[in-house]
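A quick write-up on the structure given underneath.
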Amino acid sequence: MASFVSLETLTAPTSADAMREALKSSGCKSSSCGASGGPGDLPPEVWNRIKDHPCYSEEAHHYFARMHVAVAPACNIQCNYCNRKYDCANESRPGVVSEKLTPEQALRKVIAVANEVPQLSVLGIAGPGDACYDWRKTKATFQAVAKEIPDIKLCISTNGLALPDHVDELVEMNVDHVTITINMVDPMIGAKIYPWIYFGNRRHTGLVASQILHERQMLGLEMLTERGILVKVNSVLIPGINDHHLAEVNAAVKARGAFLHNIMPLISDPAHGTCFGLTGQRGPTHAELMAVQDACSGGVNLMRHCRQCRADAVGLLGEDRGQEFTLDQLPETVTYDPAKRAAYREVIAAERDDHVAAKADAGRTLDAAASDARVLVAVTTRGGARVNQHFGHAKEFQVYEASSAGVRFVGHRKVENAYCQDGFGEDATLDSTIRALDGVGVVLCAKIGECPQEQLSAAGIVATDAYAYDYIETAVSAWYAAEYGRPATAMIA
Ligand code: SF4
Ligand code: SF4
């Protein structure tokens, strides 16, 4: 079994020395490997800007957390997948925002979270309306937070309509990452997504509305990339409307310098009261989403680890600690203490080097495997890039594709409830988990009981805890090599 450090062990001590001690006592050895922590395909100056951003770097999302503050409720467009009662669907799963905040309340909350969540690296404003339209509150929040916590990365998400009016101020405020939701570059398609926009002091509808929105989105994107700001483009995949169009969107935003393209599944449910929900417009299947993402490969780099977070989400992607930090639980006055975040970063730097070395080892393991098999492997993890969560506690599974070419992150699958409830397994939950794991061949977890293991097996899914606490790539490659890998000579013999 590989060395292991639990996330609790990493986050509980408050000094770097204490954290290092915790790592040692749990048997984790920092690598002596001198390999760079950055992906080989990015220039170092770009890697330095994204390496601690959980959304812009898939690797960073194992280690760093974001928080959204819901200070911007007003919006200037209507998307057919949004109901104003709910979070902005561009950046959140449907669900009411617990509370809207004033900039002063947001500052108090950000400081409280930074004192308690050492992984925090990014503050985002993703609505619940539009961060650029509700600009006064967005700007006041960023200015106040930057003064208190200068090293936190500031991020906004916008539909792009009001974006060109604020690019200069974004630059002045050192906002280095901007997300624009662009679902179309053809207004004919846009007209099926946007019933109206509000622009130039009046409401526009139909093709005119989509034409204006498209032009403003392209202008905003160009203005940002000209100024060196990293831009992520979100696109909501709407089957039958823009599924065959998103490769064109990918090419158009690539031509204008976008850094990342995040193609997200439409979430549609009549209960949400959205136009699409009420008209029966369905979201894509996992296979359809992957097919569209694959059709865009070769263009702008794709983000596949987005969790469509709430507009008030707090924590690592895939977890939401927002309910721990509601206003009624915050002290009236709170002072920022940088010690915990600084200590965490020091320890994580070594842990990431170790992970890089482990990934290189995993690649070598797969090089020795002579097989054409491609298998989807689901992993349960609480962070730290390791297989470190019990099957019964998992509310999401990270999915990797394993082949002799390598281990590739391809997405995640959420389940409504964890299998284990109050110490007992729930069969009904297991059925929905099995449905969520459609297409997956193997589940790697830290622990699993015989009963769920047998039921998964009956559904054609292998589940094992034999690789508990390994790095994910180490575990996946070792499983693959054990299953398919034989040295080439043995294959020939
Ligand atoms: S931009 Fe966001 S808040 Fe505005 S309608 Fe669209 S999804 Fe809703
Ligand atoms: S919605 Fe996606 S891009 Fe936005 S914070 Fe969540 S994971 Fe990151």
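Residues in the structure tokens are numbered from 1 in each chain, the chains being A, B, ... in the order shown, and ligands are numbered from 1 in the order shown.
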
message = Within 7 Å of ligand 2 (counting only C-alpha atoms and all ligand atoms), which residues show up? I'd like them as a ChimeraX atom specification.
response = /A:54-55,66,91-92,305-309,317

key: Exercise: segment 216-224 of chain A partners within 8 Å, only C-alpha atoms, chain neighbours under 6 positions left out, as a PyMOL selection string   = chain A and resi 159-164+167+180+182+230-231+253+256-258

message = For Asn301 of chain A, find every residue with an atom within 8 Å (counting only C-alpha atoms), except residues of its own chain fewer than 2 positions away, and show them as a list in words.
response = Phe259, Leu260, His261, Ser297, Gly298, Gly299 and Met303 of chain A

Please provide as a CSV table (one decimal) with N, CA and C atoms, in the first residue's frame all residues within 12 Å of Glu99 of chain A, with the sequence filter that same-chain residues fewer than 3 positions apart are discarded (counting only C-alpha atoms).
```
chain,number,residue,atom,x,y,z
A,68,HIS,N,-17.9,30.9,-3.5
A,68,HIS,CA,-18.7,31.9,-4.2
A,68,HIS,C,-19.4,32.7,-3.2
A,69,VAL,N,-19.5,34.0,-3.4
A,69,VAL,CA,-20.4,34.9,-2.5
A,69,VAL,C,-21.5,35.4,-3.4
A,70,ALA,N,-22.7,35.2,-2.9
A,70,ALA,CA,-23.9,35.5,-3.7
A,70,ALA,C,-24.3,37.0,-3.5
A,71,VAL,N,-23.5,37.9,-4.1
A,71,VAL,CA,-23.8,39.3,-3.9
A,71,VAL,C,-24.5,40.0,-5.1
A,72,ALA,N,-24.6,39.2,-6.2
A,72,ALA,CA,-25.1,39.8,-7.5
A,72,ALA,C,-26.4,39.1,-8.0
A,73,PRO,N,-27.5,39.5,-7.4
A,73,PRO,CA,-28.8,38.8,-7.8
A,73,PRO,C,-29.4,39.3,-9.1
A,85,LYS,N,-35.6,32.1,-9.2
A,85,LYS,CA,-35.7,31.6,-7.8
A,85,LYS,C,-34.5,30.8,-7.5
A,86,TYR,N,-33.8,30.3,-8.5
A,86,TYR,CA,-32.8,29.3,-8.3
A,86,TYR,C,-31.4,30.0,-8.6
A,87,ASP,N,-30.3,29.2,-8.3
A,87,ASP,CA,-29.0,29.7,-8.6
A,87,ASP,C,-28.8,29.9,-10.1
A,95,GLY,N,-31.0,25.2,-7.2
A,95,GLY,CA,-31.2,25.1,-5.7
A,95,GLY,C,-31.1,26.5,-5.2
A,96,VAL,N,-32.0,26.9,-4.4
A,96,VAL,CA,-32.1,28.3,-4.0
A,96,VAL,C,-30.8,28.7,-3.3
A,102,THR,N,-24.7,41.3,1.3
A,102,THR,CA,-24.2,42.7,0.9
A,102,THR,C,-22.7,42.5,0.8
A,105,GLN,N,-21.2,41.9,4.3
A,105,GLN,CA,-21.5,40.6,4.8
A,105,GLN,C,-20.6,39.6,4.0
A,106,ALA,N,-20.4,39.8,2.7
A,106,ALA,CA,-19.5,38.9,2.0
A,106,ALA,C,-18.1,38.9,2.5
A,109,LYS,N,-17.8,36.9,5.6
A,109,LYS,CA,-17.9,35.5,5.3
A,109,LYS,C,-16.6,35.0,4.7
A,127,GLY,N,-23.1,35.2,-9.5
A,127,GLY,CA,-24.5,35.5,-9.4
A,127,GLY,C,-24.9,35.6,-7.9
A,128,PRO,N,-26.2,35.1,-7.7
A,128,PRO,CA,-27.0,34.3,-8.5
A,128,PRO,C,-27.6,34.9,-9.8
A,310,ARG,N,-23.2,25.7,-6.7
A,310,ARG,CA,-24.2,26.7,-6.3
A,310,ARG,C,-23.5,28.1,-6.3
A,311,ALA,N,-24.3,29.1,-6.4
A,311,ALA,CA,-23.7,30.5,-6.4
A,311,ALA,C,-23.2,30.9,-5.0
A,312,ASP,N,-23.4,30.0,-4.0
A,312,ASP,CA,-22.8,30.3,-2.6
A,312,ASP,C,-22.0,29.1,-2.1
A,313,ALA,N,-21.4,28.3,-3.1
A,313,ALA,CA,-20.7,27.1,-2.7
A,313,ALA,C,-19.4,27.5,-1.9
A,322,GLY,N,-21.0,25.3,2.5
A,322,GLY,CA,-21.7,26.6,2.6
A,322,GLY,C,-22.5,26.6,3.9
A,323,GLN,N,-23.2,25.5,4.2
A,323,GLN,CA,-24.1,25.6,5.4
A,323,GLN,C,-23.3,25.8,6.7
A,325,PHE,N,-21.2,28.1,7.1
A,325,PHE,CA,-20.8,29.5,7.1
A,325,PHE,C,-22.0,30.5,6.8
A,326,THR,N,-23.2,30.1,7.2
A,326,THR,CA,-24.3,31.0,7.0
A,326,THR,C,-24.1,32.2,8.0
A,327,LEU,N,-24.7,33.3,7.6
A,327,LEU,CA,-24.5,34.6,8.4
A,327,LEU,C,-24.8,34.4,9.9
A,328,ASP,N,-25.8,33.7,10.2
A,328,ASP,CA,-26.1,33.6,11.6
A,328,ASP,C,-25.1,32.8,12.4
```

request  = Would you please extract all strand (DSSP E or B) residues from segment 25-212 of chain A, as assigned by DSSP on the backbone, and give them as a PyMOL selection string?
outcome  = chain A and resi 65-68+72+77-78+120-125+128+153-158+177-181+196-199+202-205

message = Which of segment 135-219 of chain A end up as helix (DSSP H, G or I) when DSSP is run on this backbone - answer as a PyMOL selection string?
response = chain A and resi 135-148+163-172+187-190+206-219

Selection from above, C-alpha atoms, as a PDB file, in the first residue's frame, can you write it?
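This went into selection35.pdb:
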```pdb
ATOM      1  CA  TRP A 135     -21.454  45.537 -10.997  1.00  0.00           C
ATOM      2  CA  ARG A 136     -21.520  47.934  -8.052  1.00  0.00           C
ATOM      3  CA  LYS A 137     -21.802  45.070  -5.550  1.00  0.00           C
ATOM      4  CA  THR A 138     -19.307  42.877  -7.380  1.00  0.00           C
ATOM      5  CA  LYS A 139     -16.720  45.651  -7.404  1.00  0.00           C
ATOM      6  CA  ALA A 140     -17.272  46.669  -3.770  1.00  0.00           C
ATOM      7  CA  THR A 141     -16.877  43.044  -2.660  1.00  0.00           C
ATOM      8  CA  PHE A 142     -13.672  42.472  -4.591  1.00  0.00           C
ATOM      9  CA  GLN A 143     -12.116  45.725  -3.398  1.00  0.00           C
ATOM     10  CA  ALA A 144     -12.884  44.963   0.241  1.00  0.00           C
ATOM     11  CA  VAL A 145     -11.641  41.357   0.082  1.00  0.00           C
ATOM     12  CA  ALA A 146      -8.448  42.179  -1.864  1.00  0.00           C
ATOM     13  CA  LYS A 147      -7.513  44.685   0.845  1.00  0.00           C
ATOM     14  CA  GLU A 148      -7.811  42.071   3.619  1.00  0.00           C
ATOM     15  CA  LEU A 163     -18.765  42.626 -19.732  1.00  0.00           C
ATOM     16  CA  PRO A 164     -17.173  45.083 -22.223  1.00  0.00           C
ATOM     17  CA  ASP A 165     -18.181  47.987 -19.955  1.00  0.00           C
ATOM     18  CA  HIS A 166     -16.086  46.656 -17.064  1.00  0.00           C
ATOM     19  CA  VAL A 167     -12.952  45.142 -18.583  1.00  0.00           C
ATOM     20  CA  ASP A 168     -10.721  48.051 -17.594  1.00  0.00           C
ATOM     21  CA  GLU A 169     -11.909  47.914 -13.984  1.00  0.00           C
ATOM     22  CA  LEU A 170     -11.363  44.133 -13.904  1.00  0.00           C
ATOM     23  CA  VAL A 171      -7.777  44.727 -14.980  1.00  0.00           C
ATOM     24  CA  GLU A 172      -7.345  47.458 -12.338  1.00  0.00           C
ATOM     25  CA  PRO A 187     -27.968  33.908 -33.281  1.00  0.00           C
ATOM     26  CA  MET A 188     -30.467  31.525 -34.923  1.00  0.00           C
ATOM     27  CA  ILE A 189     -29.471  28.987 -32.269  1.00  0.00           C
ATOM     28  CA  GLY A 190     -29.341  31.694 -29.617  1.00  0.00           C
ATOM     29  CA  GLY A 206     -35.787  37.090 -30.836  1.00  0.00           C
ATOM     30  CA  LEU A 207     -32.901  37.164 -33.280  1.00  0.00           C
ATOM     31  CA  VAL A 208     -32.005  40.760 -32.442  1.00  0.00           C
ATOM     32  CA  ALA A 209     -31.492  39.854 -28.794  1.00  0.00           C
ATOM     33  CA  SER A 210     -29.227  36.924 -29.652  1.00  0.00           C
ATOM     34  CA  GLN A 211     -27.282  38.954 -32.214  1.00  0.00           C
ATOM     35  CA  ILE A 212     -26.542  41.667 -29.632  1.00  0.00           C
ATOM     36  CA  LEU A 213     -25.604  39.108 -26.987  1.00  0.00           C
ATOM     37  CA  HIS A 214     -23.302  37.284 -29.407  1.00  0.00           C
ATOM     38  CA  GLU A 215     -21.514  40.474 -30.449  1.00  0.00           C
ATOM     39  CA  ARG A 216     -21.043  41.612 -26.845  1.00  0.00           C
ATOM     40  CA  GLN A 217     -19.741  38.188 -25.795  1.00  0.00           C
ATOM     41  CA  MET A 218     -17.179  38.125 -28.595  1.00  0.00           C
ATOM     42  CA  LEU A 219     -16.132  41.715 -27.888  1.00  0.00           C
TER      43      LEU A 219
END
```

task = May I ask for the distance between atom CA of Val117 of chain A and atom CA of His53 of chain A, given in Å to one decimal place?
result =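 It comes out at 14.9 Å.
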
inquiry  = What's around Thr285 of chain A at 10 Å? Count only C-alpha atoms, leave out sequence neighbours fewer than 2 positions away in its own chain, and write the answer as a list in words.
reply    =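 Counting only C-alpha atoms, the residues come to Pro239, Pro265, Leu266, Arg282, Gly283, Ala287, Glu288, Leu289, Met290, Ala291 and Asp438 of chain A.
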
Could you take the residues named above and write them with N, CA and C atoms, as a CSV table (one decimal), in the first residue's frame?
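Output below, filename again-v3.csv:
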```csv
chain,number,residue,atom,x,y,z
A,239,PRO,N,-29.2,19.2,-25.8
A,239,PRO,CA,-29.4,18.3,-26.9
A,239,PRO,C,-30.5,18.8,-27.9
A,265,PRO,N,-23.5,19.8,-18.9
A,265,PRO,CA,-24.8,19.3,-19.3
A,265,PRO,C,-25.9,20.2,-18.8
A,266,LEU,N,-26.9,20.4,-19.6
A,266,LEU,CA,-28.1,21.1,-19.2
A,266,LEU,C,-28.7,20.3,-18.0
A,282,ARG,N,-34.8,17.8,-22.6
A,282,ARG,CA,-34.0,17.0,-21.7
A,282,ARG,C,-32.5,17.4,-21.7
A,283,GLY,N,-31.8,17.0,-20.7
A,283,GLY,CA,-30.3,17.2,-20.6
A,283,GLY,C,-29.7,16.0,-21.3
A,287,ALA,N,-22.9,9.8,-22.0
A,287,ALA,CA,-22.2,9.4,-23.2
A,287,ALA,C,-22.3,10.5,-24.2
A,288,GLU,N,-23.4,11.2,-24.3
A,288,GLU,CA,-23.6,12.4,-25.2
A,288,GLU,C,-22.6,13.5,-24.8
A,289,LEU,N,-22.5,13.8,-23.5
A,289,LEU,CA,-21.6,14.8,-23.1
A,289,LEU,C,-20.2,14.5,-23.4
A,290,MET,N,-19.8,13.3,-23.2
A,290,MET,CA,-18.4,12.9,-23.5
A,290,MET,C,-18.2,13.0,-25.0
A,291,ALA,N,-19.2,12.6,-25.8
A,291,ALA,CA,-19.0,12.6,-27.3
A,291,ALA,C,-18.8,14.0,-27.8
A,438,ASP,N,-23.3,4.0,-15.0
A,438,ASP,CA,-23.5,3.5,-16.3
A,438,ASP,C,-22.2,3.6,-17.2
```

task = Go through A:Pro452, A:Leu376, A:Gly383, A:Ala360 one by one, measure the shortest atom-to-atom distance of each to Val399 of chain A using only C-alpha atoms, and give the residue with the smallest value.
result =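 Nearest candidate to Val399 of chain A out of A:Pro452, A:Leu376, A:Gly383, A:Ala360: A:Leu376.
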
Long-range neighbours of Ala418 of chain A as an NGL selection string, 6 Å cut-off, only C-alpha atoms, 3 positions minimum in chain = :A and (392-395)

ask   = Out of A:Gln119, A:Thr181, A:Thr433, A:Ser57, which residue has the shortest atom-to-atom distance to ligand 1 when counting only C-alpha atoms and all ligand atoms?
value =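 Among the listed residues, the smallest separation from ligand 1 belongs to A:Thr181.
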
key: Selected residue of minimal separation from ligand 1 among A:Glu226, A:Glu59, A:Glu45, A:Asp130, counting only C-alpha atoms and all ligand atoms   =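 Of A:Glu226, A:Glu59, A:Glu45, A:Asp130, the one nearest ligand 1, counting only C-alpha atoms and all ligand atoms, is A:Asp130.
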
request  = Using atom CA of Leu237 of chain A and atom CA of Val292 of chain A as the two end points, give the distance in Å to one decimal.
outcome  =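 Atom CA of Val292 of chain A lies 8.4 Å from atom CA of Leu237 of chain A.
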